[in-house]
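File shown here: structure.cif, holding mmCIF, C-alpha atoms and all ligand atoms.
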```
data_coords
loop_
_atom_site.label_atom_id
_atom_site.label_comp_id
_atom_site.auth_asym_id
_atom_site.auth_seq_id
_atom_site.Cartn_x
_atom_site.Cartn_y
_atom_site.Cartn_z
CA MET A 1 77.63 122.53 125.85
CA ASN A 2 81.00 123.58 127.22
CA ILE A 3 80.63 127.34 127.01
CA GLU A 4 84.19 128.21 128.07
CA SER A 5 85.62 126.09 125.30
CA ILE A 6 83.08 127.46 122.79
CA ARG A 7 84.06 131.04 123.62
CA ARG A 8 87.69 130.21 122.97
CA ASP A 9 86.64 129.39 119.38
CA PHE A 10 85.82 133.10 118.82
CA ASP A 11 88.18 136.04 119.13
CA VAL A 12 85.36 138.56 119.49
CA PHE A 13 84.93 137.96 123.22
CA LYS A 14 88.45 139.19 123.98
CA LYS A 15 87.29 142.66 122.95
CA TYR A 16 83.51 142.92 123.07
CA VAL A 17 80.33 141.92 124.79
CA TYR A 18 78.75 141.00 121.49
CA LEU A 19 74.93 140.92 121.56
CA ASN A 20 74.40 141.71 117.90
CA THR A 21 74.16 138.48 115.90
CA ALA A 22 70.93 139.72 114.25
CA VAL A 23 73.19 142.06 112.21
CA PHE A 24 76.33 139.97 111.64
CA SER A 25 77.68 137.10 113.70
CA PRO A 26 81.36 136.92 114.56
CA LEU A 27 83.15 134.21 112.55
CA PRO A 28 84.56 131.22 114.46
CA LYS A 29 88.34 130.90 114.17
CA ILE A 30 88.09 127.61 112.26
CA THR A 31 85.86 129.28 109.65
CA ILE A 32 88.41 132.05 109.11
CA GLU A 33 91.19 129.44 108.87
CA SER A 34 89.29 127.42 106.27
CA ILE A 35 88.77 130.53 104.13
CA GLU A 36 92.47 131.42 104.48
CA ARG A 37 93.41 127.89 103.40
CA TYR A 38 91.15 128.18 100.36
CA LEU A 39 92.56 131.59 99.41
CA SER A 40 96.14 130.37 99.76
CA ILE A 41 95.41 127.65 97.18
CA ARG A 42 93.83 130.19 94.84
CA LYS A 43 97.31 131.53 94.11
CA TYR A 44 97.61 128.50 91.80
CA GLY A 45 94.48 129.48 89.86
CA ILE A 46 91.98 126.64 89.54
CA THR A 47 94.59 123.86 89.47
CA GLU A 48 94.20 122.70 93.08
CA ILE A 49 90.53 123.48 93.60
CA ASP A 50 87.60 121.14 93.12
CA GLU A 51 84.82 123.67 92.67
CA GLU A 52 82.04 121.07 92.48
CA ASP A 53 83.24 119.38 95.63
CA ILE A 54 83.14 122.68 97.55
CA ILE A 55 79.67 123.60 96.32
CA ASN A 56 78.17 120.14 96.74
CA GLY A 57 79.58 119.77 100.26
CA ALA A 58 77.97 123.01 101.38
CA ARG A 59 74.74 122.25 99.53
CA GLU A 60 74.53 118.94 101.39
CA ASN A 61 75.05 120.49 104.83
CA LEU A 62 72.63 123.32 104.09
CA ALA A 63 69.99 120.84 102.95
CA LYS A 64 70.57 118.80 106.11
CA ILE A 65 70.12 121.70 108.54
CA MET A 66 66.69 122.55 107.08
CA ASN A 67 65.61 118.98 106.23
CA ALA A 68 65.54 119.63 102.47
CA SER A 69 66.92 117.61 99.56
CA CYS A 70 70.13 118.85 97.92
CA SER A 71 68.25 119.02 94.62
CA GLU A 72 65.94 121.68 96.10
CA ILE A 73 68.73 124.10 97.12
CA ALA A 74 70.24 126.87 94.97
CA PHE A 75 72.96 129.27 96.07
CA THR A 76 72.31 133.02 95.80
CA LEU A 77 74.18 136.18 96.77
CA ASN A 78 71.86 137.24 99.57
CA THR A 79 68.26 137.02 100.77
CA GLY A 80 66.98 139.83 98.53
CA HIS A 81 68.57 138.13 95.52
CA GLY A 82 66.70 134.90 96.28
CA LEU A 83 63.41 136.74 96.77
CA ASN A 84 63.81 138.54 93.43
CA ILE A 85 64.60 135.28 91.60
CA VAL A 86 61.32 133.88 92.92
CA ALA A 87 59.17 137.00 92.41
CA ASN A 88 60.40 137.35 88.82
CA GLY A 89 59.91 133.66 88.14
CA ILE A 90 56.17 133.63 88.91
CA ASP A 91 53.74 134.42 86.08
CA PHE A 92 51.51 136.86 87.94
CA GLU A 93 48.11 137.72 86.51
CA LYS A 94 46.80 141.26 86.66
CA ASP A 95 44.32 140.72 89.49
CA ASP A 96 46.57 138.51 91.66
CA ASN A 97 47.55 139.66 95.13
CA VAL A 98 50.42 139.05 97.53
CA ILE A 99 50.12 139.05 101.33
CA VAL A 100 52.95 140.41 103.49
CA VAL A 101 53.37 141.74 107.04
CA ASP A 102 53.43 145.56 107.25
CA SER A 103 56.68 145.86 109.20
CA ASP A 104 58.56 142.91 107.74
CA PHE A 105 62.09 143.35 106.39
CA PRO A 106 61.84 145.54 103.23
CA SER A 107 63.45 142.96 100.92
CA VAL A 108 60.57 140.58 101.61
CA VAL A 109 58.16 143.13 100.14
CA TYR A 110 60.04 145.14 97.46
CA PRO A 111 60.35 142.34 94.85
CA PHE A 112 56.53 142.12 94.81
CA LEU A 113 55.99 145.90 94.86
CA ASN A 114 58.30 145.93 91.86
CA LYS A 115 55.92 143.59 90.01
CA GLY A 116 53.12 146.18 90.33
CA ILE A 117 50.64 143.70 91.77
CA GLU A 118 48.28 144.31 94.68
CA ILE A 119 49.98 143.95 98.08
CA ARG A 120 47.80 143.17 101.10
CA TYR A 121 49.50 144.18 104.35
CA ILE A 122 48.86 142.35 107.61
CA LYS A 123 48.86 144.89 110.43
CA SER A 124 51.40 144.15 113.13
CA ARG A 125 52.92 145.67 116.24
CA GLU A 126 56.56 145.97 115.15
CA GLY A 127 56.17 142.58 113.48
CA VAL A 128 54.02 140.81 116.07
CA PHE A 129 50.92 139.60 114.26
CA SER A 130 48.12 137.07 114.34
CA LEU A 131 47.69 134.27 111.80
CA ARG A 132 43.92 134.86 112.01
CA ASP A 133 44.52 138.13 110.10
CA PHE A 134 45.84 136.14 107.13
CA GLU A 135 42.58 134.16 107.05
CA LYS A 136 40.67 137.46 106.85
CA VAL A 137 42.46 138.82 103.76
CA ILE A 138 43.44 135.73 101.77
CA ASP A 139 41.34 134.71 98.75
CA ASP A 140 41.67 132.60 95.61
CA LYS A 141 43.54 135.41 93.86
CA THR A 142 46.34 135.32 96.45
CA ARG A 143 49.36 133.96 94.56
CA VAL A 144 51.98 134.47 97.27
CA VAL A 145 52.21 134.75 101.05
CA ALA A 146 55.70 136.09 101.93
CA VAL A 147 56.75 136.38 105.58
CA SER A 148 59.88 136.19 107.72
CA HIS A 149 60.01 133.24 110.10
CA VAL A 150 61.51 135.52 112.77
CA GLN A 151 60.79 139.25 112.45
CA PHE A 152 63.89 141.42 112.34
CA THR A 153 62.61 144.01 114.86
CA SER A 154 60.36 142.28 117.39
CA GLY A 155 61.99 138.87 117.07
CA TYR A 156 58.48 137.35 116.84
CA ARG A 157 58.64 133.78 115.53
CA ALA A 158 55.62 132.83 113.46
CA ASN A 159 54.05 129.37 113.35
CA ILE A 160 54.97 128.62 109.74
CA ARG A 161 53.30 125.21 109.62
CA GLU A 162 49.94 126.85 110.43
CA LEU A 163 50.57 129.74 108.04
CA VAL A 164 51.35 127.32 105.19
CA LYS A 165 48.09 125.45 105.86
CA ILE A 166 46.10 128.69 105.59
CA ALA A 167 47.90 129.68 102.36
CA HIS A 168 47.56 126.26 100.75
CA GLU A 169 43.80 126.24 101.22
CA HIS A 170 43.92 128.90 98.48
CA ASP A 171 46.86 127.33 96.59
CA ALA A 172 49.05 130.37 97.38
CA ILE A 173 52.84 129.96 97.15
CA THR A 174 54.42 130.34 100.61
CA ILE A 175 57.78 132.14 100.76
CA ILE A 176 59.56 132.24 104.10
CA ASP A 177 62.63 134.36 104.89
CA VAL A 178 64.76 132.49 107.44
CA ALA A 179 67.57 135.09 107.67
CA GLN A 180 66.82 135.59 111.39
CA SER A 181 66.06 131.98 112.23
CA LEU A 182 68.19 129.39 110.41
CA GLY A 183 71.04 128.50 112.75
CA ALA A 184 69.15 129.87 115.76
CA VAL A 185 66.02 127.73 115.92
CA ASN A 186 64.75 124.64 114.20
CA VAL A 187 63.77 125.05 110.54
CA ASP A 188 62.18 121.99 108.91
CA VAL A 189 60.92 122.66 105.40
CA LYS A 190 59.28 119.22 105.10
CA ASP A 191 57.42 119.54 108.38
CA TRP A 192 56.29 123.06 107.40
CA ASN A 193 55.34 121.85 103.90
CA VAL A 194 56.55 125.26 102.73
CA ASP A 195 57.10 126.08 99.02
CA VAL A 196 60.06 128.47 99.12
CA VAL A 197 62.63 129.43 101.75
CA VAL A 198 65.25 132.17 101.35
CA GLY A 199 68.10 133.18 103.62
CA ILE A 200 71.76 133.90 104.25
CA GLY A 201 74.47 132.61 106.51
CA TYR A 202 76.08 135.78 107.87
CA LYS A 203 73.83 136.09 110.90
CA TRP A 204 72.93 132.93 112.84
CA LEU A 205 74.97 130.55 110.65
CA MET A 206 78.22 132.47 111.18
CA SER A 207 79.30 132.63 107.55
CA PRO A 208 80.78 135.51 105.54
CA THR A 209 78.54 137.80 103.51
CA GLY A 210 78.33 137.03 99.80
CA VAL A 211 76.44 133.76 99.92
CA GLY A 212 72.73 133.14 100.37
CA PHE A 213 70.40 130.31 99.47
CA LEU A 214 67.06 129.49 98.00
CA TYR A 215 64.99 126.37 98.74
CA VAL A 216 62.22 125.54 96.28
CA LYS A 217 60.02 122.51 96.92
CA GLU A 218 60.26 120.15 93.96
CA GLU A 219 56.50 120.26 93.31
CA ARG A 220 56.81 124.06 92.83
CA PHE A 221 59.64 123.96 90.25
CA SER A 222 57.14 124.44 87.41
CA ASP A 223 55.43 127.43 89.12
CA ILE A 224 58.72 129.31 89.56
CA LYS A 225 60.62 129.74 86.29
CA PRO A 226 64.34 130.55 86.31
CA SER A 227 64.52 134.32 85.89
CA LEU A 228 68.29 134.89 85.74
CA PRO A 229 69.61 132.24 83.30
CA GLY A 230 73.32 131.81 82.77
CA TRP A 231 75.80 129.03 81.98
CA ALA A 232 75.35 127.56 85.48
CA SER A 233 71.58 127.07 85.00
CA VAL A 234 71.86 124.49 82.24
CA VAL A 235 72.71 120.78 82.02
CA ASP A 236 75.00 121.10 79.04
CA SER A 237 77.18 123.91 80.42
CA ASP A 238 80.32 122.17 79.12
CA ASP A 239 79.40 122.40 75.44
CA PHE A 240 78.90 126.21 75.61
CA SER A 241 75.94 125.99 73.24
CA THR A 242 74.09 129.24 72.63
CA ARG A 243 71.27 127.66 70.57
CA SER A 244 69.21 126.08 73.34
CA LEU A 245 68.34 126.49 76.98
CA ASN A 246 68.26 123.08 78.68
CA TYR A 247 67.70 123.95 82.29
CA PHE A 248 68.67 121.59 85.09
CA ASP A 249 65.60 119.78 86.36
CA ASP A 250 66.55 120.68 89.95
CA ALA A 251 67.09 123.93 91.86
CA ARG A 252 70.44 124.57 90.13
CA LYS A 253 68.35 126.08 87.32
CA TYR A 254 67.97 129.14 89.58
CA GLU A 255 71.76 129.66 89.72
CA THR A 256 73.37 131.90 87.10
CA GLY A 257 77.17 131.73 87.17
CA ASN A 258 80.23 131.45 89.36
CA LEU A 259 79.61 131.77 93.06
CA CYS A 260 81.69 133.25 95.89
CA LEU A 261 83.62 130.06 96.64
CA SER A 262 85.52 131.47 99.62
CA CYS A 263 82.16 132.42 101.18
CA ILE A 264 80.81 128.93 100.53
CA VAL A 265 83.91 127.37 102.10
CA GLY A 266 83.28 129.53 105.20
CA LEU A 267 79.58 128.74 105.27
CA ASN A 268 80.27 125.02 105.11
CA GLU A 269 82.84 125.14 107.92
CA SER A 270 80.33 126.98 110.14
CA LEU A 271 77.55 124.56 109.20
CA ARG A 272 79.80 121.72 110.35
CA TYR A 273 80.49 123.61 113.59
CA VAL A 274 76.77 124.01 114.30
CA GLY A 275 76.25 120.36 113.34
CA ARG A 276 78.75 119.28 116.01
CA LEU A 277 76.95 121.36 118.66
CA GLY A 278 73.56 120.04 117.54
CA MET A 279 70.74 122.34 116.44
CA CYS A 280 68.50 121.26 119.35
CA ASN A 281 71.19 122.27 121.88
CA VAL A 282 71.74 125.58 120.09
CA GLU A 283 68.01 126.35 120.07
CA GLU A 284 67.61 125.43 123.73
CA ARG A 285 70.46 127.72 124.76
CA ILE A 286 69.26 130.62 122.63
CA LEU A 287 65.74 130.41 124.06
CA GLU A 288 67.14 130.34 127.58
CA LEU A 289 69.25 133.46 126.91
CA SER A 290 66.41 135.44 125.30
CA ARG A 291 64.18 134.39 128.24
CA TYR A 292 66.80 135.80 130.59
CA VAL A 293 66.94 139.14 128.73
CA ILE A 294 63.13 139.42 129.01
CA LYS A 295 63.26 138.50 132.72
CA ARG A 296 65.85 141.21 133.42
CA LEU A 297 63.71 143.74 131.53
CA GLU A 298 60.81 143.00 133.90
CA GLU A 299 62.80 144.86 136.60
CA PHE A 300 62.03 148.15 134.80
CA GLU A 301 58.71 149.96 135.02
CA ASN A 302 59.30 152.23 132.02
CA VAL A 303 59.95 149.57 129.41
CA PHE A 304 57.79 148.06 126.69
CA VAL A 305 58.99 144.64 125.49
CA TYR A 306 57.70 143.73 122.02
CA THR A 307 59.13 140.21 121.91
CA PRO A 308 56.64 137.58 123.10
CA LYS A 309 57.45 135.69 126.32
CA ASP A 310 56.20 132.37 124.93
CA LYS A 311 59.29 130.44 123.83
CA CYS A 312 57.50 129.13 120.71
CA GLU A 313 57.06 132.72 119.58
CA ARG A 314 60.61 134.00 119.90
CA ALA A 315 64.18 133.03 118.93
CA GLY A 316 67.41 135.00 119.49
CA ILE A 317 66.11 138.59 119.28
CA VAL A 318 64.64 140.68 122.10
CA PHE A 319 63.29 144.12 121.19
CA PHE A 320 62.24 146.83 123.65
CA LYS A 321 61.77 150.57 124.18
CA PHE A 322 62.19 152.60 127.36
CA SER A 323 59.65 155.41 127.60
CA GLY A 324 61.22 158.86 127.63
CA ILE A 325 64.67 157.52 126.74
CA ASP A 326 66.31 157.78 123.34
CA SER A 327 67.22 154.22 122.28
CA SER A 328 70.07 155.36 120.02
CA LYS A 329 71.69 157.12 123.01
CA VAL A 330 71.50 153.88 125.03
CA VAL A 331 73.08 151.96 122.15
CA GLU A 332 75.85 154.57 121.85
CA GLU A 333 76.49 154.56 125.60
CA LEU A 334 76.74 150.74 125.66
CA LYS A 335 79.22 150.91 122.80
CA LYS A 336 81.53 153.07 124.94
CA TYR A 337 81.83 150.01 127.19
CA SER A 338 82.34 147.70 124.18
CA ILE A 339 78.84 146.27 124.56
CA ILE A 340 77.37 145.86 121.10
CA VAL A 341 73.60 145.94 120.44
CA SER A 342 71.49 147.67 117.75
CA GLU A 343 68.92 150.40 117.45
CA ARG A 344 66.00 149.52 115.17
CA ARG A 345 62.84 151.54 114.54
CA GLY A 346 63.32 153.59 117.68
CA GLY A 347 63.92 150.62 119.99
CA ILE A 348 66.80 148.53 121.26
CA ARG A 349 67.46 145.12 119.70
CA VAL A 350 69.54 142.65 121.68
CA SER A 351 70.41 139.40 119.95
CA THR A 352 71.97 136.47 121.76
CA HIS A 353 73.47 133.37 120.15
CA PHE A 354 74.68 130.13 121.78
CA TYR A 355 78.10 131.69 122.45
CA ASN A 356 76.66 134.38 124.72
CA THR A 357 76.28 134.02 128.49
CA GLN A 358 74.08 135.39 131.26
CA GLU A 359 77.18 137.34 132.31
CA ASP A 360 77.18 139.15 128.93
CA ILE A 361 73.56 140.12 129.53
CA ASP A 362 74.23 141.21 133.12
CA LYS A 363 77.08 143.44 131.90
CA MET A 364 74.67 145.16 129.51
CA PHE A 365 72.09 145.68 132.28
CA SER A 366 74.68 147.09 134.66
CA ILE A 367 75.28 149.93 132.17
CA ILE A 368 71.56 150.35 131.43
CA ASP A 369 70.98 150.64 135.21
CA GLN A 370 73.49 153.50 135.30
CA ILE A 371 71.76 155.28 132.40
CA MET A 372 68.27 155.04 134.01
C1 LIG B 1 64.47 139.14 107.88
C2 LIG B 1 65.67 139.59 107.13
N1 LIG B 1 65.82 139.24 105.83
C3 LIG B 1 66.88 139.61 105.13
C4 LIG B 1 67.90 140.36 105.70
C5 LIG B 1 69.12 140.73 104.92
O1 LIG B 1 68.90 140.77 103.56
P1 LIG B 1 70.11 140.49 102.54
O2 LIG B 1 70.62 139.12 102.84
O3 LIG B 1 69.45 140.59 101.22
O4 LIG B 1 71.15 141.53 102.76
C6 LIG B 1 67.78 140.76 107.03
C7 LIG B 1 68.86 141.60 107.61
O5 LIG B 1 68.76 142.27 108.56
C8 LIG B 1 66.66 140.36 107.75
O6 LIG B 1 66.53 140.70 109.04
#
```

The structure given in the file should be rewritten as structure tokens.
Ligand SMILES: Cc1ncc(COP(=O)(O)O)c(C=O)c1O
Amino acid sequence: MNIESIRRDFDVFKKYVYLNTAVFSPLPKITIESIERYLSIRKYGITEIDEEDIINGARENLAKIMNASCSEIAFTLNTGHGLNIVANGIDFEKDDNVIVVDSDFPSVVYPFLNKGIEIRYIKSREGVFSLRDFEKVIDDKTRVVAVSHVQFTSGYRANIRELVKIAHEHDAITIIDVAQSLGAVNVDVKDWNVDVVVGIGYKWLMSPTGVGFLYVKEERFSDIKPSLPGWASVVDSDDFSTRSLNYFDDARKYETGNLCLSCIVGLNESLRYVGRLGMCNVEERILELSRYVIKRLEEFENVFVYTPKDKCERAGIVFFKFSGIDSSKVVEELKKYSIIVSERRGGIRVSTHFYNTQEDIDKMFSIIDQIM
């Protein structure tokens, strides 16, 4: 990877030490240009736009990056939207239960709380948990196990293949939120044998906000009914019939209507960019950078690092707290030097993507050293 040339693809580094991809990634220049090109054609209405071509192109690249089939991918607005489509599409029985992690991202849990069914919480330390705890609480009334692949605070990366095995012994539907992992580390839905995956592109896939996605394994189509039907969900959308509801027999049945095409154009351009770099190279670089953040933290005696050291158990996020020091003050102080990180749940979250360097990390630690 030629890092100097990569950094020239992003304007952000002219102004900031950006260590905050877990919130929003900066957009590559080519992604912004492709959106501008699309918008400039929109001045002619629909005349010069092939909507299907745009959507199918992005669907294909999205399917490729997670080893899915195009027919198993639906576009959504965001992760929470995808999770609600799924939660509302399952016919829950009164005594069913759903298993979640206690400190997971709220949108992974709320759609099931909203259904009024029993929620069983796996206890975690800021999102670091053990799969053995799932074995202890799961039973034949567990309909869903919903977990983030990479936890938004600790950055803990769960072994999804093992989790799916545990869930499938009880025929539970597995729903995995990949908002903090797709584009950072390898996601392979076939290898995982997972039922549902939800996510967005505005973090590790460097796309605009306004587009998310839903993967549903074909064998689970009948267990998850479309819950938000609209003209885009049906095969005969061109005849504008209001007398019948002939859903697509693929994941398009979960789509409702027109999508944010400019967002999809941007997503696709960024997917192509990541494709050129190669997901394996991206993952390797990210794991090296998060390892370096953890190594630098070992120089401090008053720090607790929540993110596991094992590279199989982390991705691009490192989360830590200094004892006796207010994390939000550290984040504010770093910002004065144009170094961008986040405060989450009383700790500091640093997130490094392939475009970051050890030098970025060293700059952050030089200011932290001054604060200590
Ligand atoms: C694990 C996880 N899921 C989802 C989201 C975002 O949800 P949405 O795409 O619905 O805005 C975040 C954002 O921080 C996240 O960390």

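Taking CA of Lys190 (chain A) and CA of Met1 (chain A) as endpoints, the distance between them is 27.9 Å.
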
Under the rule of at most 6 Å, produce a per-residue listing of chain A near ligand LIG 1 (chain B): chain, number, name, the closest pair of atoms, and the distance in Å, as a tab-separated table, using all atoms listed in the file.
```
residue	atom	partner	partner_atom	distance
A:Val23	CA	B:LIG1	O5	5.7
A:Asn78	CA	B:LIG1	O2	4.0
A:Thr79	CA	B:LIG1	O2	3.8
A:Gly80	CA	B:LIG1	O3	3.7
A:Phe105	CA	B:LIG1	C1	5.1
A:Ser148	CA	B:LIG1	C1	5.5
A:Gln151	CA	B:LIG1	C1	5.9
A:Phe152	CA	B:LIG1	O6	4.3
A:Asp177	CA	B:LIG1	N1	5.9
A:Ala179	CA	B:LIG1	N1	4.9
A:Gln180	CA	B:LIG1	C1	5.5
A:Ile200	CA	B:LIG1	O2	5.5
```

Output of the above residues as a CSV table (one decimal), keeping the file's coordinate frame, restricted to C-alpha atoms:
```csv
chain,number,residue,atom,x,y,z
A,23,VAL,CA,73.2,142.1,112.2
A,78,ASN,CA,71.9,137.2,99.6
A,79,THR,CA,68.3,137.0,100.8
A,80,GLY,CA,67.0,139.8,98.5
A,105,PHE,CA,62.1,143.4,106.4
A,148,SER,CA,59.9,136.2,107.7
A,151,GLN,CA,60.8,139.2,112.4
A,152,PHE,CA,63.9,141.4,112.3
A,177,ASP,CA,62.6,134.4,104.9
A,179,ALA,CA,67.6,135.1,107.7
A,180,GLN,CA,66.8,135.6,111.4
A,200,ILE,CA,71.8,133.9,104.2
```

Practice item. Mind checking which residues fall within 8 Å of region 317-331 of chain A, counting only C-alpha atoms, ignoring those fewer than 4 positions away in the same chain, and posting them as a PyMOL selection string? Key: chain A and resi 22+152-155+290+293-294+302-307+335+340-343+346-352+368+371

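Relative to CA of Asn97 (chain A), CA of Phe134 (chain A) is found at 12.6 Å.
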
Review point. Pick the closest to Ala74 (chain A) from A:Leu19, A:Ala172, A:Val211, A:Val189: which is it, counting only C-alpha atoms?
Key: A:Val211

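Straight-line separation from CA of Phe92 (chain A) to CA of Asn258 (chain A): 29.3 Å.
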
Please return the centre and edge lengths, in Å to one decimal, of a box with edges along x, y and z that contains all listed atoms of region 258-266 of chain A, widened by 8 Å on every side, as JSON.
```
{"center_x": 82.6, "center_y": 130.3, "center_z": 97.3, "size_x": 21.9, "size_y": 21.9, "size_z": 31.8}
```

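When the distance limit is 12 Å and all atoms listed in the file are what count, the residues near Glu359 (chain A), minus those fewer than 5 positions from it on the same chain, are Ile3, Phe13, Val17, Tyr18, Leu19, Leu289, Tyr292, Val293, Ile339, Thr352, Met364, Phe365 and Ser366 of chain A.
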
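You can rank A:Lys309, A:Lys203, A:His353, A:Ser338 by their closest distance to Lys15 (chain A) using only C-alpha atoms, and at the top of that list sits A:Ser338.
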
Check your understanding: Which residues come within 7 Å of region 50-67 of chain A, counting only C-alpha atoms, excluding same-chain residues fewer than 3 positions away, as an MDAnalysis selection string?
Key -> chainID A and resid 70 73 187:190 264:265 268 271

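Proximity ranking of A:Val12, A:Leu205, A:Val86, A:Leu39 relative to Tyr273 (chain A) places A:Leu205 first, based on only C-alpha atoms.
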
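Proximity ranking of A:Arg7, A:Lys253, A:Arg125, A:Arg243 relative to Ser71 (chain A) places A:Lys253 first, based on all atoms listed in the file.
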
Practice item. Find the residues near Ile85 (chain A): any atom within 12 Å, counting all atoms listed in the file, skip ones fewer than 6 places away on the same chain, and give them as JSON, numbers by chain. Key: {"A": [74, 75, 76, 77, 78, 79, 111, 112, 175, 196, 197, 198, 213, 214, 215, 216, 224, 225, 226, 227, 228, 229, 251, 253, 254, 255, 256]}

N, CA and C atoms are what I want for region 194-214 of chain A; can you complete it accordingly and write them as a PDB file, keeping the file's coordinate frame?
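What ended up in result26.pdb:
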```
ATOM      1  N   VAL A 194      56.426 123.939 103.349  1.00  0.00           N
ATOM      2  CA  VAL A 194      56.550 125.260 102.730  1.00  0.00           C
ATOM      3  C   VAL A 194      57.029 125.125 101.268  1.00  0.00           C
ATOM      4  N   ASP A 195      56.727 126.143 100.438  1.00  0.00           N
ATOM      5  CA  ASP A 195      57.100 126.080  99.020  1.00  0.00           C
ATOM      6  C   ASP A 195      58.498 126.649  98.756  1.00  0.00           C
ATOM      7  N   VAL A 196      58.783 127.782  99.385  1.00  0.00           N
ATOM      8  CA  VAL A 196      60.060 128.470  99.120  1.00  0.00           C
ATOM      9  C   VAL A 196      60.637 128.986 100.445  1.00  0.00           C
ATOM     10  N   VAL A 197      61.948 128.844 100.596  1.00  0.00           N
ATOM     11  CA  VAL A 197      62.630 129.430 101.750  1.00  0.00           C
ATOM     12  C   VAL A 197      63.849 130.182 101.225  1.00  0.00           C
ATOM     13  N   VAL A 198      64.072 131.389 101.752  1.00  0.00           N
ATOM     14  CA  VAL A 198      65.250 132.170 101.350  1.00  0.00           C
ATOM     15  C   VAL A 198      66.021 132.572 102.603  1.00  0.00           C
ATOM     16  N   GLY A 199      67.335 132.748 102.451  1.00  0.00           N
ATOM     17  CA  GLY A 199      68.100 133.180 103.620  1.00  0.00           C
ATOM     18  C   GLY A 199      69.559 133.425 103.291  1.00  0.00           C
ATOM     19  N   ILE A 200      70.312 133.651 104.340  1.00  0.00           N
ATOM     20  CA  ILE A 200      71.760 133.900 104.250  1.00  0.00           C
ATOM     21  C   ILE A 200      72.438 133.234 105.448  1.00  0.00           C
ATOM     22  N   GLY A 201      73.757 133.255 105.413  1.00  0.00           N
ATOM     23  CA  GLY A 201      74.470 132.610 106.510  1.00  0.00           C
ATOM     24  C   GLY A 201      75.175 133.586 107.436  1.00  0.00           C
ATOM     25  N   TYR A 202      75.197 134.885 107.108  1.00  0.00           N
ATOM     26  CA  TYR A 202      76.080 135.780 107.870  1.00  0.00           C
ATOM     27  C   TYR A 202      75.542 136.223 109.218  1.00  0.00           C
ATOM     28  N   LYS A 203      74.334 135.772 109.556  1.00  0.00           N
ATOM     29  CA  LYS A 203      73.830 136.090 110.900  1.00  0.00           C
ATOM     30  C   LYS A 203      73.988 134.836 111.762  1.00  0.00           C
ATOM     31  N   TRP A 204      72.958 134.020 111.850  1.00  0.00           N
ATOM     32  CA  TRP A 204      72.930 132.930 112.840  1.00  0.00           C
ATOM     33  C   TRP A 204      73.729 131.718 112.394  1.00  0.00           C
ATOM     34  N   LEU A 205      74.146 131.680 111.117  1.00  0.00           N
ATOM     35  CA  LEU A 205      74.970 130.550 110.650  1.00  0.00           C
ATOM     36  C   LEU A 205      76.446 130.883 110.576  1.00  0.00           C
ATOM     37  N   MET A 206      76.815 132.080 110.986  1.00  0.00           N
ATOM     38  CA  MET A 206      78.220 132.470 111.180  1.00  0.00           C
ATOM     39  C   MET A 206      79.075 132.301 109.920  1.00  0.00           C
ATOM     40  N   SER A 207      78.516 132.704 108.790  1.00  0.00           N
ATOM     41  CA  SER A 207      79.300 132.630 107.550  1.00  0.00           C
ATOM     42  C   SER A 207      79.636 134.040 107.073  1.00  0.00           C
ATOM     43  N   PRO A 208      80.527 134.170 106.090  1.00  0.00           N
ATOM     44  CA  PRO A 208      80.780 135.510 105.540  1.00  0.00           C
ATOM     45  C   PRO A 208      79.580 135.998 104.731  1.00  0.00           C
ATOM     46  N   THR A 209      79.547 137.287 104.447  1.00  0.00           N
ATOM     47  CA  THR A 209      78.540 137.800 103.510  1.00  0.00           C
ATOM     48  C   THR A 209      78.962 137.393 102.101  1.00  0.00           C
ATOM     49  N   GLY A 210      78.000 137.375 101.186  1.00  0.00           N
ATOM     50  CA  GLY A 210      78.330 137.030  99.800  1.00  0.00           C
ATOM     51  C   GLY A 210      77.745 135.710  99.364  1.00  0.00           C
ATOM     52  N   VAL A 211      77.116 135.003 100.308  1.00  0.00           N
ATOM     53  CA  VAL A 211      76.440 133.760  99.920  1.00  0.00           C
ATOM     54  C   VAL A 211      75.093 133.682 100.647  1.00  0.00           C
ATOM     55  N   GLY A 212      74.070 133.377  99.836  1.00  0.00           N
ATOM     56  CA  GLY A 212      72.730 133.140 100.370  1.00  0.00           C
ATOM     57  C   GLY A 212      72.198 131.864  99.751  1.00  0.00           C
ATOM     58  N   PHE A 213      70.947 131.546 100.023  1.00  0.00           N
ATOM     59  CA  PHE A 213      70.400 130.310  99.470  1.00  0.00           C
ATOM     60  C   PHE A 213      68.902 130.432  99.232  1.00  0.00           C
ATOM     61  N   LEU A 214      68.455 129.534  98.382  1.00  0.00           N
ATOM     62  CA  LEU A 214      67.060 129.490  98.000  1.00  0.00           C
ATOM     63  C   LEU A 214      66.637 128.029  98.034  1.00  0.00           C
TER      64      LEU A 214
END
```
